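Novice: The following block contains the structure, expressed as structure tokens.
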Amino acid sequence: MDWKRACWFLLLLLALFVGLGVTYGLVTPCFESPDESAHLAVVRYIARHRRLPPRVVPSHWRSTGADVAWYLAYHDPPLYYTPPLYHTLAGLLVFWEDMDDLPYLLVPNPGWEVGWAPQADSNPWNKNVYAHRAEESFVQSSTVRATYVLRLFSLGLGGVTILCAYLIARTLWPEQPLVAMLAAALVALNPQFVAISAGVTNDNLLNVFCGFFLLKAIRFIREGSSWIGWAGLGSLAGLGLLTKQSALLLLPLGVLAVVWQPRQAWYRAVADGAIFLAAALAVGGWWYARNSLLYGDPLGLMPHFAHQVPLTHFGLQEFSKVARSYWAAFGWALIQVEPWVYGVFCSVSLLAVLGVVTAGRPSGPFRSLPVSARRGVIFLGIAFILNAVSLVPWALMTGAPYGRLLFATIAAAAVLGAWGLSQWTRWRWGRWGLVALGGLLVLFDVLVPWRYLWPAFASPRVRTGMPKTARQVEAIFDGGLQLVGYDAPTGDLAPGAEVRLVLYWRAWATPDQRYRVWVQVGSLDPTRKVAEVGGWLGGSLYPSDLWRAGDLVRQEHRLILPEWTPAPRLYWIRVGLVDEADRRVARMDSSGDAVALGPWRVVDSGSVPPPSHPVNYQLGPAIRLLGYDIEQRREGGEEALELMLYWQADETPEADYTVFIHLLDGEGQLVGQADGPPLGGEYPTSWWLPGQVVLDQHIVRLGVEGGSLQVQTGLYDLSTLLRLPVYDAEGQRLPDDAIPLVRLER
């Protein structure tokens, strides 16, 4: 493969990266990229006041949800304190947008205040750090317009970082275009890097300065440079220092590059080192000197440390978090992917490391490289190690073990990883494996917005009306909130099943408070629920206190029926609202406070144990009695009879029938009875399925002392009081259409 083809590959890769980044940026709402809200606040302050923001040490530790909500809200001056270069450039790029609505739009997720903090996992629910108003749109909001412009700026910076990785690899291995292509791909197709490059953050500018710094330093190690070149390299380091404090790692790297340049007299090396450091401090050191003079805090990190909850240690779990968030932990590192995906990423990383180790063996290709190239490879390794080592104390002090903080040296990691992976191309399976890996990365990158970001961030506001599949409801609650429709399962359910319910709400007036919605699955008796979920009406993305009159809001709920759910039964889904005072909200169109949806039939596919007394009686055309269990016990201080009837439906009955249990004395007189629908009305006969066996329990108080009792049963239509005809196994109809079960001697 020649370099011409490699250049075409690079152009296609950059186009793909930009397309992915634009998609990620459009799917991710404003402020949901890490620290984006804080960066925008600093940009707004500098643009409005034409000066650097003062250092403000927060008065709240982020130890409770309420503290987090306070911190995430807008503050003027901003609590985020950082070197000013990125934010000054950003202010110049969006100078025509005043971002006056930023304080209005920064609404922390309502869950913070009550302790419903988002959890880092692959579940899409409650992954937003902020709620999002309807006014948060490109047309209505100057903040949104400024955010999109700065996200495009970030994408451009990400593209430059990809180019740096490509050029570094080309410098070290001018005869191996494949390594340069792989290096560029490992940056461009890293889904976490794409996501960060689609957000507003100073990390993207730092990545560019670090990438250019590594490129120039490696060229100087190979070819040497005049004092002008070292001054330029120092200026790059200084610009990095004015972007983020982590650029301090460039200072020892620059000194190392001076030492490793081609043979120079010692005094010349000292002079070059002094020029490099002087240029770096002249460009970027003034901000640190200012902090030292004004606040006694040269690095300006006290605002960060003052509100963070530090880690007690950095162990395997924290290392795992860093590894996962280096590849794929989106939003504020809360949206994670399936474990097997992380397994693939870790396998690729391990293969790359093994390839580097293999290349460094005594007979490996590392030994055949020129001295300057070997030093360049080691230089990249040292750069990445310095970044990784500095991440550990930062994570301990701030409680933030985020892999994206390693992106300052992502160009170094990608170049080394590409060289390591290229070692496997000596075998055909290795070459095909790299092709397959590239295809999988592209496919995964394309799926990320729709598989992970859209489910977590899609606004619940509906602009096109309810879908045709939704069933309409007319239920208006106090406050002008109406449940207008729902989508729910259409077939039978089973214990252990997930019930996905989508509710559609309409606000006829602007809600005056933040309501919560509760959803229960229960039987005919509303107090006997088997599953329940609740949350903010409108979810954490669009809670009801942000709604506008006329809004149609879609909200999805998922309930799991426990394995112990009694079945077969009919179950209803009940929906209601709770106000800020924890009181149930009454319906305006009735005296109740809930809407009952359904019912749904829940059936159990498990086998039914055989009855202790098998029989065979046909009741009408559709129902058969297969047997019964009977037991005497005491009920409320009296003797009672517990009877379990085993019904079977040969076909679906046409009506809802009532069971009668009669106790007849020796003279055939009725001395006790218990009439009622099967299963207490929780599973009417008209819902029975052909072939289904229904266990139906009844309790009859005996009352009478002494003598014998004949137990009889049957079914009748309550509306007509007509009994179903009963036939025995030979087809003979029984007298009075009553089935004699057992005679009790007392």
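Ordering of the structure tokens sets the chain letters (A, B, ...); residue numbers start at 1 within each chain; ligands are numbered from 1 in the order shown.
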Could you go through stretch 253-441 of chain A and tell me which residues DSSP, when run on the backbone, assigns to alpha helix (DSSP H), listing them as a count of residues only?

Specialist: 132

Novice: I want to know what sits within 12 Å of A:Lys216, based on only C-alpha atoms, with residues of the same chain fewer than 6 positions away left out; could you give that as a PDB file with all heavy atoms, in the first residue's frame?

Specialist:
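Saved result, around_2.pdb, follows:
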ATOM      1  N   CYS A 164      -2.852  14.588  13.564  1.00  0.00           N
ATOM      2  CA  CYS A 164      -1.588  14.512  14.316  1.00  0.00           C
ATOM      3  C   CYS A 164      -1.151  13.064  14.515  1.00  0.00           C
ATOM      4  O   CYS A 164       0.034  12.730  14.353  1.00  0.00           O
ATOM      5  CB  CYS A 164      -1.735  15.203  15.668  1.00  0.00           C
ATOM      6  SG  CYS A 164      -1.829  17.002  15.574  1.00  0.00           S
ATOM      7  N   ALA A 165      -2.095  12.194  14.879  1.00  0.00           N
ATOM      8  CA  ALA A 165      -1.750  10.778  15.052  1.00  0.00           C
ATOM      9  C   ALA A 165      -1.226  10.192  13.746  1.00  0.00           C
ATOM     10  O   ALA A 165      -0.246   9.428  13.724  1.00  0.00           O
ATOM     11  CB  ALA A 165      -2.973  10.005  15.545  1.00  0.00           C
ATOM     12  N   LEU A 167       0.253  11.782  11.232  1.00  0.00           N
ATOM     13  CA  LEU A 167       1.571  12.332  10.892  1.00  0.00           C
ATOM     14  C   LEU A 167       2.663  11.813  11.812  1.00  0.00           C
ATOM     15  O   LEU A 167       3.807  11.630  11.379  1.00  0.00           O
ATOM     16  CB  LEU A 167       1.514  13.859  10.937  1.00  0.00           C
ATOM     17  CG  LEU A 167       0.622  14.512   9.867  1.00  0.00           C
ATOM     18  CD1 LEU A 167       0.553  16.019  10.081  1.00  0.00           C
ATOM     19  CD2 LEU A 167       1.119  14.181   8.467  1.00  0.00           C
ATOM     20  N   ILE A 168       2.343  11.592  13.082  1.00  0.00           N
ATOM     21  CA  ILE A 168       3.343  11.026  13.993  1.00  0.00           C
ATOM     22  C   ILE A 168       3.756   9.641  13.519  1.00  0.00           C
ATOM     23  O   ILE A 168       4.947   9.303  13.464  1.00  0.00           O
ATOM     24  CB  ILE A 168       2.783  10.971  15.428  1.00  0.00           C
ATOM     25  CG1 ILE A 168       2.629  12.384  16.002  1.00  0.00           C
ATOM     26  CG2 ILE A 168       3.700  10.146  16.331  1.00  0.00           C
ATOM     27  CD1 ILE A 168       1.884  12.422  17.321  1.00  0.00           C
ATOM     28  N   THR A 171       5.888   9.835  10.483  1.00  0.00           N
ATOM     29  CA  THR A 171       7.238  10.279  10.793  1.00  0.00           C
ATOM     30  C   THR A 171       8.088   9.129  11.314  1.00  0.00           C
ATOM     31  O   THR A 171       9.264   8.992  10.950  1.00  0.00           O
ATOM     32  CB  THR A 171       7.188  11.411  11.829  1.00  0.00           C
ATOM     33  OG1 THR A 171       6.429  12.504  11.311  1.00  0.00           O
ATOM     34  CG2 THR A 171       8.589  11.888  12.178  1.00  0.00           C
ATOM     35  N   LEU A 172       7.513   8.283  12.153  1.00  0.00           N
ATOM     36  CA  LEU A 172       8.281   7.193  12.758  1.00  0.00           C
ATOM     37  C   LEU A 172       8.462   6.021  11.803  1.00  0.00           C
ATOM     38  O   LEU A 172       9.495   5.350  11.826  1.00  0.00           O
ATOM     39  CB  LEU A 172       7.582   6.715  14.036  1.00  0.00           C
ATOM     40  CG  LEU A 172       7.604   7.686  15.220  1.00  0.00           C
ATOM     41  CD1 LEU A 172       6.750   7.154  16.362  1.00  0.00           C
ATOM     42  CD2 LEU A 172       9.040   7.893  15.696  1.00  0.00           C
ATOM     43  N   PHE A 209      -3.122  20.685  20.960  1.00  0.00           N
ATOM     44  CA  PHE A 209      -1.799  21.183  21.340  1.00  0.00           C
ATOM     45  C   PHE A 209      -0.872  20.029  21.704  1.00  0.00           C
ATOM     46  O   PHE A 209       0.309  20.021  21.328  1.00  0.00           O
ATOM     47  CB  PHE A 209      -1.919  22.161  22.509  1.00  0.00           C
ATOM     48  CG  PHE A 209      -2.505  23.482  22.118  1.00  0.00           C
ATOM     49  CD1 PHE A 209      -3.431  24.121  22.932  1.00  0.00           C
ATOM     50  CD2 PHE A 209      -2.143  24.111  20.942  1.00  0.00           C
ATOM     51  CE1 PHE A 209      -3.976  25.337  22.584  1.00  0.00           C
ATOM     52  CE2 PHE A 209      -2.687  25.337  20.575  1.00  0.00           C
ATOM     53  CZ  PHE A 209      -3.609  25.947  21.395  1.00  0.00           C
ATOM     54  N   CYS A 210      -1.401  19.038  22.426  1.00  0.00           N
ATOM     55  CA  CYS A 210      -0.568  17.887  22.789  1.00  0.00           C
ATOM     56  C   CYS A 210      -0.185  17.078  21.559  1.00  0.00           C
ATOM     57  O   CYS A 210       0.952  16.599  21.444  1.00  0.00           O
ATOM     58  CB  CYS A 210      -1.310  17.004  23.791  1.00  0.00           C
ATOM     59  SG  CYS A 210      -1.465  17.728  25.437  1.00  0.00           S
ATOM     60  N   ARG A 222      14.448  13.403  15.939  1.00  0.00           N
ATOM     61  CA  ARG A 222      15.038  12.775  14.754  1.00  0.00           C
ATOM     62  C   ARG A 222      16.019  13.690  14.049  1.00  0.00           C
ATOM     63  O   ARG A 222      17.101  13.256  13.622  1.00  0.00           O
ATOM     64  CB  ARG A 222      13.930  12.361  13.787  1.00  0.00           C
ATOM     65  CG  ARG A 222      14.433  11.574  12.580  1.00  0.00           C
ATOM     66  CD  ARG A 222      13.308  11.249  11.627  1.00  0.00           C
ATOM     67  NE  ARG A 222      12.752  12.457  11.007  1.00  0.00           N
ATOM     68  CZ  ARG A 222      11.813  12.438  10.060  1.00  0.00           C
ATOM     69  NH1 ARG A 222      11.315  11.278   9.646  1.00  0.00           N
ATOM     70  NH2 ARG A 222      11.366  13.571   9.547  1.00  0.00           N
ATOM     71  N   GLU A 223      15.671  14.960  13.950  1.00  0.00           N
ATOM     72  CA  GLU A 223      16.452  15.858  13.094  1.00  0.00           C
ATOM     73  C   GLU A 223      17.143  16.987  13.860  1.00  0.00           C
ATOM     74  O   GLU A 223      18.013  17.667  13.292  1.00  0.00           O
ATOM     75  CB  GLU A 223      15.529  16.488  12.041  1.00  0.00           C
ATOM     76  CG  GLU A 223      14.790  15.468  11.189  1.00  0.00           C
ATOM     77  CD  GLU A 223      13.674  16.094  10.378  1.00  0.00           C
ATOM     78  OE1 GLU A 223      13.475  17.328  10.513  1.00  0.00           O
ATOM     79  OE2 GLU A 223      13.004  15.365   9.630  1.00  0.00           O
ATOM     80  N   GLY A 224      16.750  17.207  15.104  1.00  0.00           N
ATOM     81  CA  GLY A 224      17.263  18.364  15.809  1.00  0.00           C
ATOM     82  C   GLY A 224      16.539  19.633  15.373  1.00  0.00           C
ATOM     83  O   GLY A 224      15.692  19.605  14.459  1.00  0.00           O
ATOM     84  N   SER A 225      16.862  20.759  15.988  1.00  0.00           N
ATOM     85  CA  SER A 225      16.207  22.010  15.637  1.00  0.00           C
ATOM     86  C   SER A 225      17.034  23.185  16.116  1.00  0.00           C
ATOM     87  O   SER A 225      17.866  23.066  17.026  1.00  0.00           O
ATOM     88  CB  SER A 225      14.811  22.063  16.253  1.00  0.00           C
ATOM     89  OG  SER A 225      14.169  23.281  15.932  1.00  0.00           O
ATOM     90  N   GLY A 229      13.011  26.650  16.688  1.00  0.00           N
ATOM     91  CA  GLY A 229      12.144  25.485  16.798  1.00  0.00           C
ATOM     92  C   GLY A 229      11.816  25.145  18.244  1.00  0.00           C
ATOM     93  O   GLY A 229      10.660  24.829  18.575  1.00  0.00           O
ATOM     94  N   TRP A 230      12.810  25.220  19.128  1.00  0.00           N
ATOM     95  CA  TRP A 230      12.561  24.915  20.538  1.00  0.00           C
ATOM     96  C   TRP A 230      11.686  25.991  21.174  1.00  0.00           C
ATOM     97  O   TRP A 230      10.857  25.685  22.052  1.00  0.00           O
ATOM     98  CB  TRP A 230      13.875  24.772  21.298  1.00  0.00           C
ATOM     99  CG  TRP A 230      14.634  23.550  20.875  1.00  0.00           C
ATOM    100  CD1 TRP A 230      15.803  23.502  20.168  1.00  0.00           C
ATOM    101  CD2 TRP A 230      14.236  22.196  21.091  1.00  0.00           C
ATOM    102  NE1 TRP A 230      16.184  22.217  19.927  1.00  0.00           N
ATOM    103  CE2 TRP A 230      15.234  21.371  20.496  1.00  0.00           C
ATOM    104  CE3 TRP A 230      13.165  21.589  21.721  1.00  0.00           C
ATOM    105  CZ2 TRP A 230      15.172  19.985  20.519  1.00  0.00           C
ATOM    106  CZ3 TRP A 230      13.102  20.203  21.759  1.00  0.00           C
ATOM    107  CH2 TRP A 230      14.085  19.414  21.167  1.00  0.00           C
ATOM    108  N   ALA A 231      11.843  27.219  20.736  1.00  0.00           N
ATOM    109  CA  ALA A 231      10.943  28.269  21.237  1.00  0.00           C
ATOM    110  C   ALA A 231       9.515  28.007  20.781  1.00  0.00           C
ATOM    111  O   ALA A 231       8.541  28.202  21.531  1.00  0.00           O
ATOM    112  CB  ALA A 231      11.418  29.638  20.763  1.00  0.00           C
ATOM    113  N   GLY A 232       9.378  27.527  19.518  1.00  0.00           N
ATOM    114  CA  GLY A 232       8.040  27.189  19.036  1.00  0.00           C
ATOM    115  C   GLY A 232       7.436  26.029  19.806  1.00  0.00           C
ATOM    116  O   GLY A 232       6.238  26.034  20.123  1.00  0.00           O
ATOM    117  N   LEU A 233       8.278  25.011  20.113  1.00  0.00           N
ATOM    118  CA  LEU A 233       7.769  23.878  20.893  1.00  0.00           C
ATOM    119  C   LEU A 233       7.366  24.340  22.289  1.00  0.00           C
ATOM    120  O   LEU A 233       6.336  23.902  22.833  1.00  0.00           O
ATOM    121  CB  LEU A 233       8.840  22.787  20.972  1.00  0.00           C
ATOM    122  CG  LEU A 233       8.365  21.454  21.561  1.00  0.00           C
ATOM    123  CD1 LEU A 233       7.364  20.789  20.632  1.00  0.00           C
ATOM    124  CD2 LEU A 233       9.552  20.519  21.814  1.00  0.00           C
ATOM    125  N   GLY A 234       8.155  25.228  22.880  1.00  0.00           N
ATOM    126  CA  GLY A 234       7.786  25.771  24.189  1.00  0.00           C
ATOM    127  C   GLY A 234       6.504  26.573  24.126  1.00  0.00           C
ATOM    128  O   GLY A 234       5.684  26.530  25.056  1.00  0.00           O
ATOM    129  N   SER A 235       6.319  27.286  23.023  1.00  0.00           N
ATOM    130  CA  SER A 235       5.075  28.048  22.866  1.00  0.00           C
ATOM    131  C   SER A 235       3.873  27.121  22.785  1.00  0.00           C
ATOM    132  O   SER A 235       2.803  27.420  23.333  1.00  0.00           O
ATOM    133  CB  SER A 235       5.155  28.921  21.610  1.00  0.00           C
ATOM    134  OG  SER A 235       6.213  29.848  21.705  1.00  0.00           O
ATOM    135  N   LEU A 236       4.038  25.983  22.100  1.00  0.00           N
ATOM    136  CA  LEU A 236       2.952  24.998  22.072  1.00  0.00           C
ATOM    137  C   LEU A 236       2.625  24.515  23.484  1.00  0.00           C
ATOM    138  O   LEU A 236       1.452  24.398  23.859  1.00  0.00           O
ATOM    139  CB  LEU A 236       3.347  23.808  21.192  1.00  0.00           C
ATOM    140  CG  LEU A 236       3.068  23.889  19.700  1.00  0.00           C
ATOM    141  CD1 LEU A 236       3.603  22.643  18.999  1.00  0.00           C
ATOM    142  CD2 LEU A 236       1.576  24.041  19.450  1.00  0.00           C
ATOM    143  N   ALA A 237       3.666  24.216  24.255  1.00  0.00           N
ATOM    144  CA  ALA A 237       3.440  23.797  25.636  1.00  0.00           C
ATOM    145  C   ALA A 237       2.757  24.907  26.429  1.00  0.00           C
ATOM    146  O   ALA A 237       1.857  24.650  27.246  1.00  0.00           O
ATOM    147  CB  ALA A 237       4.757  23.399  26.293  1.00  0.00           C
ATOM    148  N   LEU A 253       8.393  16.431  29.116  1.00  0.00           N
ATOM    149  CA  LEU A 253       8.535  15.813  27.803  1.00  0.00           C
ATOM    150  C   LEU A 253       9.396  16.681  26.884  1.00  0.00           C
ATOM    151  O   LEU A 253      10.223  16.176  26.113  1.00  0.00           O
ATOM    152  CB  LEU A 253       7.163  15.583  27.172  1.00  0.00           C
ATOM    153  CG  LEU A 253       6.298  14.483  27.802  1.00  0.00           C
ATOM    154  CD1 LEU A 253       4.910  14.475  27.173  1.00  0.00           C
ATOM    155  CD2 LEU A 253       6.958  13.118  27.628  1.00  0.00           C
ATOM    156  N   GLY A 254       9.219  17.991  26.970  1.00  0.00           N
ATOM    157  CA  GLY A 254      10.045  18.884  26.167  1.00  0.00           C
ATOM    158  C   GLY A 254      11.506  18.810  26.551  1.00  0.00           C
ATOM    159  O   GLY A 254      12.396  18.808  25.682  1.00  0.00           O
ATOM    160  N   ALA A 257      12.906  15.712  25.096  1.00  0.00           N
ATOM    161  CA  ALA A 257      13.157  15.859  23.663  1.00  0.00           C
ATOM    162  C   ALA A 257      14.456  16.617  23.414  1.00  0.00           C
ATOM    163  O   ALA A 257      15.209  16.297  22.474  1.00  0.00           O
ATOM    164  CB  ALA A 257      11.984  16.572  22.997  1.00  0.00           C
ATOM    165  N   VAL A 258      14.741  17.617  24.234  1.00  0.00           N
ATOM    166  CA  VAL A 258      16.001  18.353  24.101  1.00  0.00           C
ATOM    167  C   VAL A 258      17.182  17.422  24.321  1.00  0.00           C
ATOM    168  O   VAL A 258      18.172  17.434  23.571  1.00  0.00           O
ATOM    169  CB  VAL A 258      16.032  19.525  25.098  1.00  0.00           C
ATOM    170  CG1 VAL A 258      17.434  20.130  25.164  1.00  0.00           C
ATOM    171  CG2 VAL A 258      15.024  20.588  24.713  1.00  0.00           C
ATOM    172  N   GLN A 261      17.700  14.909  21.296  1.00  0.00           N
ATOM    173  CA  GLN A 261      17.932  15.367  19.932  1.00  0.00           C
ATOM    174  C   GLN A 261      19.316  14.906  19.468  1.00  0.00           C
ATOM    175  O   GLN A 261      20.157  14.520  20.289  1.00  0.00           O
ATOM    176  CB  GLN A 261      17.813  16.880  19.852  1.00  0.00           C
ATOM    177  CG  GLN A 261      18.884  17.632  20.635  1.00  0.00           C
ATOM    178  CD  GLN A 261      18.741  19.128  20.495  1.00  0.00           C
ATOM    179  OE1 GLN A 261      18.518  19.634  19.407  1.00  0.00           O
ATOM    180  NE2 GLN A 261      18.875  19.843  21.608  1.00  0.00           N
ATOM    181  N   GLY A 376      11.749   7.905  19.545  1.00  0.00           N
ATOM    182  CA  GLY A 376      10.401   8.433  19.351  1.00  0.00           C
ATOM    183  C   GLY A 376       9.337   7.508  19.903  1.00  0.00           C
ATOM    184  O   GLY A 376       8.361   7.954  20.527  1.00  0.00           O
ATOM    185  N   PHE A 379       9.498   7.753  23.554  1.00  0.00           N
ATOM    186  CA  PHE A 379       8.968   9.070  23.928  1.00  0.00           C
ATOM    187  C   PHE A 379       7.439   9.038  23.999  1.00  0.00           C
ATOM    188  O   PHE A 379       6.836   9.564  24.948  1.00  0.00           O
ATOM    189  CB  PHE A 379       9.436  10.106  22.902  1.00  0.00           C
ATOM    190  CG  PHE A 379       9.064  11.516  23.220  1.00  0.00           C
ATOM    191  CD1 PHE A 379       9.795  12.263  24.121  1.00  0.00           C
ATOM    192  CD2 PHE A 379       7.969  12.110  22.606  1.00  0.00           C
ATOM    193  CE1 PHE A 379       9.451  13.573  24.408  1.00  0.00           C
ATOM    194  CE2 PHE A 379       7.608  13.414  22.876  1.00  0.00           C
ATOM    195  CZ  PHE A 379       8.356  14.156  23.790  1.00  0.00           C
TER     196      PHE A 379
END

Novice: Give the answer as one residue: which of A:Ala497, A:Ala73, A:Val107, A:Leu722 has the shortest atom-to-atom distance to A:Pro543, using only C-alpha atoms?

Specialist: A:Val107

Novice: Could you give me, as a list of chain:residue names, the residues within 10 Å of A:Ala655, counting only C-alpha atoms and dropping anything in the same chain fewer than 6 positions from it?

Specialist: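 The filter keeps A:Pro684, A:Thr685, A:Ser686, A:Trp687, A:Tyr716, A:Asp717, A:Leu718, A:Ser719.
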
Novice: As JSON, numbers by chain, list the residues of stretch 71-227 of chain A assigned to strand (DSSP E) by DSSP on the backbone atoms of this structure.

Specialist: {"A": [107, 108, 130, 131]}

Novice: Could the residues in this selection be written to a file with N, CA and C atoms, as a short mmCIF file (atom, residue, chain, number, x, y, z; two decimals), in the first residue's frame?

Specialist:
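Saved the output as again.cif:
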data_model
loop_
_atom_site.label_atom_id
_atom_site.label_comp_id
_atom_site.auth_asym_id
_atom_site.auth_seq_id
_atom_site.Cartn_x
_atom_site.Cartn_y
_atom_site.Cartn_z
N VAL A 107 -31.51 23.65 34.20
CA VAL A 107 -32.42 23.08 35.20
C VAL A 107 -31.89 21.69 35.55
N PRO A 108 -31.30 21.50 36.73
CA PRO A 108 -30.78 20.17 37.08
C PRO A 108 -31.89 19.12 37.08
N TYR A 130 -29.36 17.09 33.31
CA TYR A 130 -30.24 18.26 33.29
C TYR A 130 -31.60 17.90 32.71
N ALA A 131 -32.63 18.61 33.19
CA ALA A 131 -33.92 18.61 32.50
C ALA A 131 -33.84 19.61 31.35
#

Novice: Near A:Asn190, counting only C-alpha atoms, which residues have an atom at most 10 Å away, once you skip same-chain residues fewer than 2 positions from it, shown as JSON, numbers by chain?

Specialist: {"A": [17, 185, 186, 187, 188, 192, 193, 194, 195, 326, 327, 328, 345, 410, 414, 441, 442, 444, 445]}

Novice: Just write the chosen residues, N, CA and C atoms, as a PDB file, in the first residue's frame.

Specialist:
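See part00.pdb below for the written result:
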ATOM      1  N   PHE A  17     -15.655  10.682  10.414  1.00  0.00           N
ATOM      2  CA  PHE A  17     -15.588  11.235  11.770  1.00  0.00           C
ATOM      3  C   PHE A  17     -16.489  12.453  11.914  1.00  0.00           C
ATOM      4  N   ALA A 185      -7.211   5.703  12.512  1.00  0.00           N
ATOM      5  CA  ALA A 185      -8.482   5.017  12.747  1.00  0.00           C
ATOM      6  C   ALA A 185      -8.733   4.793  14.229  1.00  0.00           C
ATOM      7  N   LEU A 186      -7.692   4.496  14.998  1.00  0.00           N
ATOM      8  CA  LEU A 186      -7.877   4.251  16.430  1.00  0.00           C
ATOM      9  C   LEU A 186      -8.312   5.508  17.170  1.00  0.00           C
ATOM     10  N   VAL A 187      -8.001   6.664  16.607  1.00  0.00           N
ATOM     11  CA  VAL A 187      -8.509   7.914  17.194  1.00  0.00           C
ATOM     12  C   VAL A 187      -9.910   8.213  16.671  1.00  0.00           C
ATOM     13  N   ALA A 188     -10.057   8.189  15.357  1.00  0.00           N
ATOM     14  CA  ALA A 188     -11.322   8.622  14.742  1.00  0.00           C
ATOM     15  C   ALA A 188     -12.479   7.696  15.071  1.00  0.00           C
ATOM     16  N   GLN A 192     -15.873   7.025  22.235  1.00  0.00           N
ATOM     17  CA  GLN A 192     -15.820   8.025  23.299  1.00  0.00           C
ATOM     18  C   GLN A 192     -15.169   9.306  22.793  1.00  0.00           C
ATOM     19  N   PHE A 193     -14.135   9.169  21.975  1.00  0.00           N
ATOM     20  CA  PHE A 193     -13.484  10.352  21.410  1.00  0.00           C
ATOM     21  C   PHE A 193     -14.444  11.101  20.493  1.00  0.00           C
ATOM     22  N   VAL A 194     -15.223  10.366  19.714  1.00  0.00           N
ATOM     23  CA  VAL A 194     -16.224  11.027  18.865  1.00  0.00           C
ATOM     24  C   VAL A 194     -17.204  11.813  19.720  1.00  0.00           C
ATOM     25  N   ALA A 195     -17.686  11.197  20.807  1.00  0.00           N
ATOM     26  CA  ALA A 195     -18.667  11.859  21.669  1.00  0.00           C
ATOM     27  C   ALA A 195     -18.079  13.106  22.329  1.00  0.00           C
ATOM     28  N   TYR A 326     -12.731   5.225  28.649  1.00  0.00           N
ATOM     29  CA  TYR A 326     -11.814   5.579  27.557  1.00  0.00           C
ATOM     30  C   TYR A 326     -12.452   5.227  26.222  1.00  0.00           C
ATOM     31  N   TRP A 327     -13.277   4.166  26.210  1.00  0.00           N
ATOM     32  CA  TRP A 327     -13.857   3.695  24.959  1.00  0.00           C
ATOM     33  C   TRP A 327     -15.319   4.077  24.785  1.00  0.00           C
ATOM     34  N   ALA A 328     -16.118   3.885  25.817  1.00  0.00           N
ATOM     35  CA  ALA A 328     -17.564   4.056  25.596  1.00  0.00           C
ATOM     36  C   ALA A 328     -18.289   4.243  26.918  1.00  0.00           C
ATOM     37  N   PHE A 345     -13.320  -4.297  23.273  1.00  0.00           N
ATOM     38  CA  PHE A 345     -12.362  -3.187  23.345  1.00  0.00           C
ATOM     39  C   PHE A 345     -11.118  -3.581  24.144  1.00  0.00           C
ATOM     40  N   ILE A 410      -3.963  10.791  23.422  1.00  0.00           N
ATOM     41  CA  ILE A 410      -4.601   9.758  22.598  1.00  0.00           C
ATOM     42  C   ILE A 410      -3.825   9.533  21.308  1.00  0.00           C
ATOM     43  N   ALA A 414      -2.663   5.903  20.270  1.00  0.00           N
ATOM     44  CA  ALA A 414      -3.115   5.361  18.988  1.00  0.00           C
ATOM     45  C   ALA A 414      -1.935   4.934  18.116  1.00  0.00           C
ATOM     46  N   LEU A 441     -15.896  -1.527  14.350  1.00  0.00           N
ATOM     47  CA  LEU A 441     -15.827  -0.203  14.967  1.00  0.00           C
ATOM     48  C   LEU A 441     -16.735   0.790  14.253  1.00  0.00           C
ATOM     49  N   VAL A 442     -16.706   0.768  12.939  1.00  0.00           N
ATOM     50  CA  VAL A 442     -17.571   1.676  12.179  1.00  0.00           C
ATOM     51  C   VAL A 442     -19.035   1.376  12.487  1.00  0.00           C
ATOM     52  N   PHE A 444     -20.333  -0.078  15.122  1.00  0.00           N
ATOM     53  CA  PHE A 444     -20.675   0.314  16.485  1.00  0.00           C
ATOM     54  C   PHE A 444     -20.808   1.828  16.604  1.00  0.00           C
ATOM     55  N   ASP A 445     -19.884   2.564  15.983  1.00  0.00           N
ATOM     56  CA  ASP A 445     -19.960   4.030  16.025  1.00  0.00           C
ATOM     57  C   ASP A 445     -21.270   4.535  15.428  1.00  0.00           C
TER      58      ASP A 445
END

Novice: So which one's closest to A:Leu406, A:Leu546, A:Leu643, A:Leu249, A:Pro339? Using only C-alpha atoms, please.

Specialist: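 Under the stated criterion, the closest residue is A:Leu249.
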
Novice: Write out as a count of residues only each polymer residue whose atoms come within 7 Å of A:Ile699, counting only C-alpha atoms; drop sequence neighbours fewer than 2 positions from it.

Specialist: 6

Novice: Check which residues of stretch 410-505 of chain A sit at most 10 Å from stretch 26-43 of chain A using only C-alpha atoms, and return one row each with the closest pair of atoms and their distance in Å to one decimal, ordered by chain and rising number, as CSV.

Specialist:
residue,atom,partner,partner_atom,distance
A:Pro449,CA,A:Val27,CA,6.5
A:Trp450,CA,A:Val27,CA,8.4
A:Leu453,CA,A:Val27,CA,6.6
A:Trp454,CA,A:Val27,CA,6.1
A:Pro455,CA,A:Val27,CA,9.7
A:Ala456,CA,A:Thr28,CA,9.0
A:Phe457,CA,A:Thr28,CA,6.4
A:Ala458,CA,A:Val27,CA,7.6
A:Ser459,CA,A:Pro29,CA,9.0

Novice: Give me the residues within 10 Å of stretch 506-511 of chain A as a VMD selection string, counting only C-alpha atoms and dropping any in the same chain fewer than 5 places off.

Specialist: chain A and resid 462 476 479 to 485 543 to 554
